[in-house]
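Everything below concerns the one structure shown next.
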Amino acid sequence: MPARICVVGALHRDLVVRALRFPQPGETVAGEGFALHVGGKGANQAVAAARLGARVTLIGALGDDEWGSVVRGALAGEAIDLSELVTVPRTHTGVGVITVTPGGENTIVVAPGADHALTPDDMDRAAGPIADADVLLVQGELCAETTLKAMEIARNSNTFVIFNASPVGPLPEGFLRQIDMLVVNKGEAAELLGEGARDVGPAGLCRRLASLGPEKVVLTLGAEGALHFNGTELEHAEAFPMTSIDSTGAGDAFAAALGVLRAEGARLKDAVRFACAAGALATTTPGALPSLPRRDVVEALVKRRGRGART
Ligand code: ADP
C-alpha cells in the first residue's frame, strides 16, 4: 500500500522575477525575466509527495479569485485528493513575490490572503484525513494555532508529525513538543533558537533544537547536504553535487521526500539521503512545481551515487 501523507499548508500564486542581484532597500533593479507559477509550501510539498508515489490529501484554502481557480486547476493535474480544499469568500489567494539571482539564491515576500483564513475549527472538520495518514506534513505559512490544532489531531491518532519551520514566526506555548521531526535550514534554526544562536555550528543547532521537544531534527545545509539527529546520534548526509540554477522548491522536495520515506518505514539515514537527492534535483529546474522530481529520477540518482559515480 502506498504511503499516506496529509499536507496542511499554504497555496500560492508565485510571481518570479530573475535579476542579476537583489535590490538594496530603496533601490530598483531591472529584472531579466518573469514567470508565474503555482506555489506555497503546502501545494509544493503535496505535489512533491505525490510525484514520489505517496497517496496525498491536501488541506488548505484558496481565495474566490481567478488565481484560486488557476491553482486548483494546476493541482488537479497531480494525483492529490483536493476534496478538503476550501474557497474563502471575499479573500485573495495567497501570493509569493520571489526574486532569483543567477547563483540560484532567492528572496520571497508572501501575502497570505486565504491561507490565514484557515482556523483550528477547519482542522477539526478535516480531522479524518489527518488521523488516517501515516505522516502529517506542516510548514510555517499558516496561522500557528491552526497548524498546532492539526498537529494535536495527528498526535492523538498516531500520525507522525513533520514540521518544516519555514518561515519562522512566533509559536504558541507547547508547539515544539507536538513535533516528531523538525526540518529546518540553518537560518531558520538560528531564528527558532533566538538570541545567541547565530554563531552556533550545525551540530550545536541540532542538539539545541532537539532539547526544545522534537524527537528528531533534520538540518538542511544547501549544497553541503544535511545533518540529522535522533536524540543520541548525529550524522551528516552528503549533498548530491548539481549545477544549481534555482533553489526554489529544494526545501519542499526535501521535506516531502523525508515524509514519504518515513511513511514507508525507512531508516532516518536512508530517508535523509533520499531527501538530499530530491532536494538537489529540485535546484536544476526553475520554479517550484516544475522542479519537483519524480520517484524514478530520485531513485536513479541515489543508486548512481551508491555506486560511487559523481553526478
Ligand atoms: P531551503 O531551500 O529550505 O533553504 P536548502 O537550500 O538547505 O533548503 O535545500 C534543501 C536540501 O536540498 C539540502 O539539504 C540539499 O540536500 C539539497 N540542495 C539544496 N541546494 C543544493 C545544491 N546547490 N546542490 C546540491 N544539493 C542541494
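By convention in this document, the chains of the C-alpha cells carry letters A, B, ... by their order, each chain's residues are numbered from 1, and ligands are numbered from 1 in the order they are shown.
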Glu152 of chain A environment, 12 Å, only C-alpha atoms, sequence neighbours closer than 3 positions dropped, as a compact mmCIF listing (two decimals) with all heavy atoms, in the first residue's frame:
```txt
# COMPACT_ATOMS: atom_id res chain seq x y z
N PRO A 120 -8.41 26.74 13.46
CA PRO A 120 -8.39 25.44 14.16
C PRO A 120 -9.70 24.67 13.95
O PRO A 120 -9.68 23.43 13.83
CB PRO A 120 -8.19 25.83 15.62
CG PRO A 120 -7.42 27.12 15.55
CD PRO A 120 -7.96 27.85 14.36
N MET A 123 -9.56 22.57 11.02
CA MET A 123 -8.77 21.35 11.25
C MET A 123 -9.65 20.27 11.88
O MET A 123 -9.56 19.10 11.53
CB MET A 123 -7.55 21.63 12.13
CG MET A 123 -6.57 22.60 11.54
SD MET A 123 -5.94 22.09 9.92
CE MET A 123 -6.83 23.18 8.84
N ASP A 124 -10.53 20.68 12.80
CA ASP A 124 -11.46 19.71 13.40
C ASP A 124 -12.33 19.09 12.32
O ASP A 124 -12.59 17.89 12.33
CB ASP A 124 -12.35 20.41 14.44
CG ASP A 124 -11.66 20.45 15.81
OD1 ASP A 124 -10.88 19.51 16.09
OD2 ASP A 124 -11.90 21.41 16.56
N ALA A 127 -10.46 16.43 10.38
CA ALA A 127 -9.70 15.53 11.26
C ALA A 127 -9.52 14.13 10.65
O ALA A 127 -8.49 13.49 10.87
CB ALA A 127 -10.39 15.43 12.61
N ILE A 130 -6.39 13.67 8.47
CA ILE A 130 -5.17 13.83 9.29
C ILE A 130 -4.94 12.55 10.10
O ILE A 130 -3.83 12.02 10.15
CB ILE A 130 -5.29 15.06 10.24
CG1 ILE A 130 -5.46 16.35 9.43
CG2 ILE A 130 -4.07 15.15 11.16
CD1 ILE A 130 -5.74 17.60 10.27
N ALA A 131 -6.03 12.05 10.69
CA ALA A 131 -5.92 10.86 11.54
C ALA A 131 -5.59 9.61 10.71
O ALA A 131 -4.90 8.71 11.20
CB ALA A 131 -7.22 10.65 12.31
N LEU A 136 1.85 13.50 8.85
CA LEU A 136 1.32 14.84 8.62
C LEU A 136 2.50 15.76 8.34
O LEU A 136 3.47 15.79 9.09
CB LEU A 136 0.59 15.35 9.88
CG LEU A 136 0.18 16.84 9.82
CD1 LEU A 136 -0.96 17.08 8.84
CD2 LEU A 136 -0.20 17.36 11.21
N VAL A 138 3.55 19.64 7.87
CA VAL A 138 3.11 21.02 8.07
C VAL A 138 4.30 21.97 7.99
O VAL A 138 5.45 21.57 8.21
CB VAL A 138 2.37 21.20 9.42
CG1 VAL A 138 0.95 20.72 9.34
CG2 VAL A 138 3.10 20.51 10.56
N GLU A 145 -1.72 28.68 15.31
CA GLU A 145 -2.78 28.00 16.09
C GLU A 145 -3.46 26.93 15.24
O GLU A 145 -3.84 25.87 15.75
CB GLU A 145 -3.84 28.99 16.59
CG GLU A 145 -3.40 29.89 17.73
CD GLU A 145 -2.40 30.96 17.29
OE1 GLU A 145 -2.32 31.24 16.06
OE2 GLU A 145 -1.69 31.49 18.17
N THR A 146 -3.62 27.21 13.94
CA THR A 146 -4.24 26.25 13.03
C THR A 146 -3.33 25.03 12.84
O THR A 146 -3.75 23.88 12.92
CB THR A 146 -4.53 26.93 11.67
OG1 THR A 146 -5.37 28.06 11.92
CG2 THR A 146 -5.17 26.00 10.68
N THR A 147 -2.05 25.31 12.64
CA THR A 147 -1.07 24.22 12.47
C THR A 147 -0.99 23.39 13.75
O THR A 147 -0.95 22.16 13.69
CB THR A 147 0.31 24.82 12.12
OG1 THR A 147 0.15 25.61 10.94
CG2 THR A 147 1.34 23.74 11.86
N LEU A 148 -1.00 24.07 14.90
CA LEU A 148 -0.92 23.35 16.18
C LEU A 148 -2.12 22.41 16.33
O LEU A 148 -1.97 21.26 16.76
CB LEU A 148 -0.89 24.36 17.34
CG LEU A 148 -0.88 23.78 18.75
CD1 LEU A 148 0.31 22.85 18.96
CD2 LEU A 148 -0.87 24.89 19.81
N LYS A 149 -3.31 22.87 15.93
CA LYS A 149 -4.51 22.02 16.04
C LYS A 149 -4.34 20.78 15.16
O LYS A 149 -4.65 19.66 15.59
CB LYS A 149 -5.75 22.83 15.61
CG LYS A 149 -7.04 22.09 15.76
CD LYS A 149 -7.39 21.96 17.23
CE LYS A 149 -8.43 20.90 17.46
NZ LYS A 149 -8.89 20.83 18.82
N ARG A 155 -1.18 13.74 16.53
CA ARG A 155 -0.55 13.06 17.67
C ARG A 155 -1.54 12.13 18.39
O ARG A 155 -1.16 11.05 18.84
CB ARG A 155 -0.02 14.09 18.67
CG ARG A 155 1.08 14.96 18.10
CD ARG A 155 2.42 14.37 18.24
NE ARG A 155 2.81 14.30 19.63
CZ ARG A 155 4.07 14.12 20.04
NH1 ARG A 155 5.03 13.99 19.16
NH2 ARG A 155 4.36 14.05 21.31
N ASN A 156 -2.80 12.57 18.45
CA ASN A 156 -3.82 11.74 19.12
C ASN A 156 -4.20 10.53 18.28
O ASN A 156 -4.94 9.66 18.75
CB ASN A 156 -5.07 12.58 19.41
CG ASN A 156 -4.81 13.57 20.52
OD1 ASN A 156 -3.93 13.35 21.35
ND2 ASN A 156 -5.54 14.69 20.53
N SER A 157 -3.76 10.48 17.04
CA SER A 157 -4.14 9.38 16.15
C SER A 157 -2.93 8.59 15.68
O SER A 157 -3.02 7.84 14.69
CB SER A 157 -4.85 9.92 14.91
OG SER A 157 -5.62 11.05 15.20
N ASN A 158 -1.77 8.80 16.32
CA ASN A 158 -0.54 8.11 15.93
C ASN A 158 -0.08 8.44 14.51
O ASN A 158 0.56 7.63 13.86
CB ASN A 158 -0.68 6.59 16.06
CG ASN A 158 -0.58 6.17 17.50
OD1 ASN A 158 0.13 6.81 18.29
ND2 ASN A 158 -1.32 5.13 17.85
N THR A 159 -0.45 9.60 14.01
CA THR A 159 0.09 10.08 12.73
C THR A 159 1.39 10.82 13.05
O THR A 159 1.40 11.70 13.92
CB THR A 159 -0.92 11.04 12.05
OG1 THR A 159 -2.12 10.32 11.77
CG2 THR A 159 -0.37 11.62 10.77
N PHE A 160 2.48 10.46 12.37
CA PHE A 160 3.80 11.05 12.63
C PHE A 160 3.81 12.49 12.12
O PHE A 160 3.41 12.75 11.00
CB PHE A 160 4.86 10.21 11.90
CG PHE A 160 6.28 10.53 12.24
CD1 PHE A 160 6.90 9.95 13.34
CD2 PHE A 160 7.01 11.41 11.44
CE1 PHE A 160 8.23 10.22 13.64
CE2 PHE A 160 8.34 11.69 11.74
CZ PHE A 160 8.95 11.09 12.83
N VAL A 161 4.29 13.43 12.96
CA VAL A 161 4.24 14.86 12.60
C VAL A 161 5.62 15.38 12.16
O VAL A 161 6.58 15.34 12.94
CB VAL A 161 3.76 15.70 13.80
CG1 VAL A 161 3.80 17.20 13.46
CG2 VAL A 161 2.34 15.29 14.21
N GLY A 174 4.05 25.26 23.83
CA GLY A 174 3.87 23.82 23.66
C GLY A 174 3.94 23.35 22.22
O GLY A 174 3.91 22.15 21.95
N PHE A 175 4.09 24.27 21.26
CA PHE A 175 4.07 23.92 19.84
C PHE A 175 5.18 22.90 19.50
O PHE A 175 4.90 21.87 18.90
CB PHE A 175 4.26 25.20 19.02
CG PHE A 175 4.06 25.05 17.54
CD1 PHE A 175 2.86 25.43 16.94
CD2 PHE A 175 5.05 24.53 16.73
CE1 PHE A 175 2.67 25.30 15.57
CE2 PHE A 175 4.87 24.39 15.36
CZ PHE A 175 3.68 24.77 14.78
N LEU A 176 6.40 23.19 19.91
CA LEU A 176 7.53 22.34 19.50
C LEU A 176 7.48 20.95 20.13
O LEU A 176 8.09 20.01 19.63
CB LEU A 176 8.86 23.04 19.83
CG LEU A 176 9.14 24.29 18.98
CD1 LEU A 176 10.33 25.06 19.52
CD2 LEU A 176 9.40 23.91 17.51
N ARG A 177 6.72 20.81 21.22
CA ARG A 177 6.60 19.49 21.87
C ARG A 177 5.62 18.58 21.12
O ARG A 177 5.53 17.40 21.42
CB ARG A 177 6.21 19.66 23.34
CG ARG A 177 7.35 20.20 24.19
CD ARG A 177 7.08 20.04 25.67
NE ARG A 177 5.94 20.85 26.11
CZ ARG A 177 5.99 22.14 26.42
NH1 ARG A 177 7.15 22.77 26.35
NH2 ARG A 177 4.92 22.79 26.80
N GLN A 178 4.87 19.13 20.16
CA GLN A 178 3.92 18.31 19.38
C GLN A 178 4.56 17.73 18.12
O GLN A 178 3.89 17.08 17.32
CB GLN A 178 2.71 19.16 18.96
CG GLN A 178 1.87 19.68 20.11
CD GLN A 178 1.21 18.55 20.89
OE1 GLN A 178 0.85 17.52 20.34
NE2 GLN A 178 1.07 18.74 22.19
N ILE A 179 5.85 18.00 17.93
CA ILE A 179 6.53 17.62 16.68
C ILE A 179 7.34 16.35 16.84
O ILE A 179 8.10 16.21 17.81
CB ILE A 179 7.49 18.76 16.25
CG1 ILE A 179 6.70 20.05 16.04
CG2 ILE A 179 8.25 18.40 14.99
CD1 ILE A 179 7.61 21.26 15.96
N ASP A 180 7.21 15.40 15.91
CA ASP A 180 8.07 14.21 15.94
C ASP A 180 9.39 14.50 15.22
O ASP A 180 10.44 14.04 15.65
CB ASP A 180 7.35 13.03 15.26
CG ASP A 180 6.14 12.59 16.05
OD1 ASP A 180 6.29 12.27 17.23
OD2 ASP A 180 5.02 12.60 15.49
```
Non-local contacts of segment 295-304 of chain A (12 Å; only C-alpha atoms; under 6 positions in same chain excluded) as a ChimeraX atom specification: /A:47-54,237-242,253-254,256-257,260-261,270-282,310-311
With C-alpha atoms retained, write the just-selected residues as a PDB file, in the first residue's frame.
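This went into part_1.pdb:
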```pdb
ATOM      1  CA  VAL A  47       2.848  17.725  -5.270  1.00  0.00           C
ATOM      2  CA  ALA A  48       6.352  16.565  -4.329  1.00  0.00           C
ATOM      3  CA  ALA A  49       4.976  13.741  -2.148  1.00  0.00           C
ATOM      4  CA  ALA A  50       2.521  12.652  -4.877  1.00  0.00           C
ATOM      5  CA  ARG A  51       5.287  12.576  -7.509  1.00  0.00           C
ATOM      6  CA  LEU A  52       7.316  10.420  -5.120  1.00  0.00           C
ATOM      7  CA  GLY A  53       4.498   7.864  -5.043  1.00  0.00           C
ATOM      8  CA  ALA A  54       2.511   8.720  -1.890  1.00  0.00           C
ATOM      9  CA  ALA A 237      24.376  13.202   4.704  1.00  0.00           C
ATOM     10  CA  GLU A 238      26.443  14.461   1.783  1.00  0.00           C
ATOM     11  CA  ALA A 239      24.806  16.552  -0.919  1.00  0.00           C
ATOM     12  CA  PHE A 240      24.463  15.248  -4.469  1.00  0.00           C
ATOM     13  CA  PRO A 241      26.598  17.698  -6.494  1.00  0.00           C
ATOM     14  CA  MET A 242      24.420  19.580  -9.010  1.00  0.00           C
ATOM     15  CA  ALA A 253      11.207  18.496  -2.251  1.00  0.00           C
ATOM     16  CA  PHE A 254      13.473  17.585   0.676  1.00  0.00           C
ATOM     17  CA  ALA A 256       8.231  15.802   1.228  1.00  0.00           C
ATOM     18  CA  ALA A 257      10.788  13.112   0.377  1.00  0.00           C
ATOM     19  CA  VAL A 260       7.297   9.759   2.127  1.00  0.00           C
ATOM     20  CA  LEU A 261      10.235   7.574   3.167  1.00  0.00           C
ATOM     21  CA  ASP A 270      18.171   6.404   4.257  1.00  0.00           C
ATOM     22  CA  ALA A 271      15.274   8.868   4.293  1.00  0.00           C
ATOM     23  CA  VAL A 272      17.661  11.845   4.604  1.00  0.00           C
ATOM     24  CA  ARG A 273      19.860  10.540   1.789  1.00  0.00           C
ATOM     25  CA  PHE A 274      16.821  10.142  -0.483  1.00  0.00           C
ATOM     26  CA  ALA A 275      15.646  13.641   0.551  1.00  0.00           C
ATOM     27  CA  CYS A 276      19.069  15.107  -0.328  1.00  0.00           C
ATOM     28  CA  ALA A 277      18.751  13.625  -3.829  1.00  0.00           C
ATOM     29  CA  ALA A 278      15.228  15.066  -4.218  1.00  0.00           C
ATOM     30  CA  GLY A 279      16.399  18.489  -2.980  1.00  0.00           C
ATOM     31  CA  ALA A 280      19.407  18.521  -5.299  1.00  0.00           C
ATOM     32  CA  LEU A 281      17.290  17.632  -8.349  1.00  0.00           C
ATOM     33  CA  ALA A 282      14.830  20.428  -7.492  1.00  0.00           C
ATOM     34  CA  ARG A 310      29.788  11.673  -9.497  1.00  0.00           C
ATOM     35  CA  THR A 311      26.700  13.369 -10.909  1.00  0.00           C
TER      36      THR A 311
END
```
Every residue of segment 23-64 of chain A that DSSP places in alpha helix (DSSP H), as an NGL selection string: :A and (41-51)
Keeping N, CA, C and O atoms, export the residues of the selection given above as a compact mmCIF listing (two decimals), in the first residue's frame.
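Saved to out09.txt:
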```txt
# COMPACT_ATOMS: atom_id res chain seq x y z
N LYS A 41 4.11 26.46 0.25
CA LYS A 41 4.77 25.24 0.72
C LYS A 41 3.83 24.06 0.83
O LYS A 41 4.23 22.91 0.63
N GLY A 42 2.55 24.33 1.13
CA GLY A 42 1.57 23.24 1.20
C GLY A 42 1.41 22.60 -0.17
O GLY A 42 1.48 21.36 -0.32
N ALA A 43 1.17 23.43 -1.18
CA ALA A 43 0.99 22.92 -2.54
C ALA A 43 2.26 22.21 -3.01
O ALA A 43 2.21 21.09 -3.54
N ASN A 44 3.40 22.84 -2.80
CA ASN A 44 4.67 22.25 -3.26
C ASN A 44 4.93 20.88 -2.62
O ASN A 44 5.30 19.92 -3.30
N GLN A 45 4.74 20.80 -1.31
CA GLN A 45 5.06 19.54 -0.63
C GLN A 45 4.05 18.45 -0.97
O GLN A 45 4.39 17.27 -1.05
N ALA A 46 2.78 18.86 -1.20
CA ALA A 46 1.78 17.87 -1.61
C ALA A 46 2.14 17.30 -2.99
O ALA A 46 2.10 16.08 -3.20
N VAL A 47 2.49 18.19 -3.92
CA VAL A 47 2.85 17.73 -5.27
C VAL A 47 4.12 16.86 -5.21
O VAL A 47 4.20 15.80 -5.83
N ALA A 48 5.10 17.33 -4.43
CA ALA A 48 6.35 16.56 -4.33
C ALA A 48 6.08 15.16 -3.79
O ALA A 48 6.58 14.17 -4.34
N ALA A 49 5.26 15.06 -2.75
CA ALA A 49 4.98 13.74 -2.15
C ALA A 49 4.22 12.85 -3.14
O ALA A 49 4.48 11.65 -3.23
N ALA A 50 3.28 13.45 -3.89
CA ALA A 50 2.52 12.65 -4.88
C ALA A 50 3.44 12.15 -5.98
O ALA A 50 3.36 10.99 -6.39
N ARG A 51 4.36 13.02 -6.44
CA ARG A 51 5.29 12.58 -7.51
C ARG A 51 6.25 11.51 -7.00
O ARG A 51 6.81 10.75 -7.79
```
Can you tell me which residues surround Val86 of chain A at a distance of at most 9 Å, considering only C-alpha atoms, apart from same-chain residues fewer than 3 positions away, and format the answer as a short mmCIF file (atom, residue, chain, number, x, y, z; two decimals) with N, CA and C atoms, in the first residue's frame?
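Dumped to result.cif:
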```
data_model
loop_
_atom_site.label_atom_id
_atom_site.label_comp_id
_atom_site.auth_asym_id
_atom_site.auth_seq_id
_atom_site.Cartn_x
_atom_site.Cartn_y
_atom_site.Cartn_z
N ILE A 59 -4.87 19.76 2.60
CA ILE A 59 -5.84 20.60 3.32
C ILE A 59 -5.33 22.04 3.25
N GLY A 60 -6.15 22.94 2.69
CA GLY A 60 -5.71 24.33 2.55
C GLY A 60 -6.85 25.20 2.07
N ALA A 61 -6.55 26.48 1.82
CA ALA A 61 -7.59 27.43 1.42
C ALA A 61 -7.14 28.29 0.24
N LEU A 62 -8.10 28.60 -0.64
CA LEU A 62 -7.85 29.48 -1.78
C LEU A 62 -8.81 30.66 -1.70
N GLY A 63 -8.45 31.78 -2.35
CA GLY A 63 -9.36 32.91 -2.42
C GLY A 63 -10.40 32.67 -3.51
N SER A 83 -10.30 17.21 -2.02
CA SER A 83 -11.66 17.39 -1.50
C SER A 83 -11.71 18.22 -0.22
N LEU A 118 -7.69 30.04 7.29
CA LEU A 118 -7.88 28.68 7.82
C LEU A 118 -7.77 28.72 9.35
#
```
Mind dumping a table of every segment 187-282 of chain A residue within 10 Å of segment 96-109 of chain A, with the nearest atom pair and its distance in Å to one decimal, using only C-alpha atoms, sorted by chain and rising number, as a Markdown table?
```
| residue | atom | partner | partner_atom | distance |
| --- | --- | --- | --- | --- |
| A:Thr243 | CA | A:Gly104 | CA | 9.6 |
| A:Ser244 | CA | A:Gly104 | CA | 6.2 |
| A:Ile245 | CA | A:Gly104 | CA | 4.7 |
| A:Asp246 | CA | A:Gly104 | CA | 3.9 |
| A:Ser247 | CA | A:Gly104 | CA | 5.3 |
| A:Thr248 | CA | A:Asn106 | CA | 7.1 |
```
Write the residues of the preceding selection, restricted to N, CA and C atoms, as a tab-separated table (two decimals), in the first residue's frame.
```
chain	number	residue	atom	x	y	z
A	243	THR	N	24.51	21.23	-10.78
A	243	THR	CA	24.62	22.60	-11.26
A	243	THR	C	23.29	23.26	-10.94
A	244	SER	N	23.30	24.05	-9.84
A	244	SER	CA	22.06	24.63	-9.33
A	244	SER	C	21.73	25.90	-10.11
A	245	ILE	N	20.47	26.00	-10.60
A	245	ILE	CA	20.08	27.25	-11.26
A	245	ILE	C	18.97	27.99	-10.51
A	246	ASP	N	18.23	27.31	-9.63
A	246	ASP	CA	17.15	27.96	-8.88
A	246	ASP	C	16.80	27.06	-7.69
A	247	SER	N	17.10	27.56	-6.49
A	247	SER	CA	16.89	26.71	-5.30
A	247	SER	C	15.43	26.70	-4.83
A	248	THR	N	14.53	27.47	-5.51
A	248	THR	CA	13.12	27.46	-5.11
A	248	THR	C	12.59	26.03	-5.21
```
Nearest to ligand 1 by atom-to-atom distance, counting only C-alpha atoms and all ligand atoms, from A:Ala154, A:Ala210, A:His116, A:Leu292: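 With only C-alpha atoms and all ligand atoms as the atom set, the closest residue is A:Leu292.
With atom CA of Arg13 of chain A on one side and atom CA of Ala144 of chain A on the other, the separation reads 21.3 Å.
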Nearest to ligand 1, chosen from A:Gly231, A:Gly201, A:Gly213, A:Gly140, with only C-alpha atoms and all ligand atoms counted in the distances: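 Under the stated criterion, the closest residue is A:Gly140.
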Residues of segment 60-275 of chain A in strand (DSSP E), written as a PyMOL selection string: chain A and resi 60-63+80-81+85-88+94-100+106-111+135-139+160-164+181-185+216-220+226-229+234-237
Residue with smallest distance to ligand 1 - pool A:Gly187, A:Gly204, A:Gly259, A:Gly196, counting only C-alpha atoms and all ligand atoms: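 Ranking A:Gly187, A:Gly204, A:Gly259, A:Gly196 by distance to ligand 1, first place goes to A:Gly187.
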